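*Asks:* Would you mind keeping the following structure in view while I ask a few things?
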Amino acid sequence: MPVRPYAELQMPDNVDMGVFEGDHTVRSITLQMANIGTDTLYVLGVQPECECTTIADLDSIVPPHVNGHVTVQLDLTDYPTDTIWKSFSIISNDRNGQVKTVTVFGVRK
């Protein structure tokens with residue numbers, strides 16, 4: 001029996017954004033998201049945990065065996081000095097589950 005085409009999103013679960021010092025309280029990072037499946041991956045939405053986490057750019061259609069990207073911006077202006085953890089969820093047509101949660105973190109000094 002032939003295998004049906006499928007999309008499969010692969011990206012890190014946790015991403016270290018480093019140290020935020022002084023007035024540099026906003027940090028952007030571009031993450032690679034790979035479609036390791038045999039069919040096109042469609043990103044249907046992205047849901048940040050809070051307003052301090054925003055999605056600045058996103059490849060919403062990723063062909064099979066191709067890498068796309070998502071650019072995340074973390075604003076720690078209203079947070080005290082400490083380690084900050086924020087998450088966002090990517091909703092897609094991934095065969096293993098339609099939601100992939102990614103946590104970004106950084107230290108504000």
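Labeling convention for the structure tokens: chains A, B, ... as they appear, residues from 1 per chain, ligands from 1 in order of appearance.
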Tell me which protein, DNA and RNA residues are within 7 Å of Ala34 of chain A, counting only C-alpha atoms, leaving out same-chain ones fewer than 5 positions away, and put them as an NGL selection string.
*Replies:* :A and (9-11 or 66-68)
*Asks:* Applying 10 Å and only C-alpha atoms, which residues near segment 52-60 of chain A remain after dropping the ones on its own chain fewer than 4 positions away? List them as number ranges by chain.
*Replies:* A: 26-33, 41-48, 67-79, 86-88, 92, 104
*Asks:* Looking at only C-alpha atoms, which of A:Pro64, A:Pro5, A:Glu49, A:Val107 is the one that sits closest to Ile90 of chain A?
*Replies:*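 Nearest to Ile90 of chain A: A:Glu49.
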*Asks:* Could you find all residues in chain A that DSSP calls strand (DSSP E or B) from the backbone, and write them as an MDAnalysis selection string?
*Replies:* chainID A and resid 7 9:10 14:20 26:35 41:48 53:58 61:62 66:75 82:92 94 99:108
*Asks:* Hey, what's within 8 Å of Asp16 of chain A if we count only C-alpha atoms and toss same-chain stuff fewer than 2 positions away? As a list in words, please?
*Replies:*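 The neighbour list is Asn14, Gly18, Val104, Phe105 and Gly106 of chain A.
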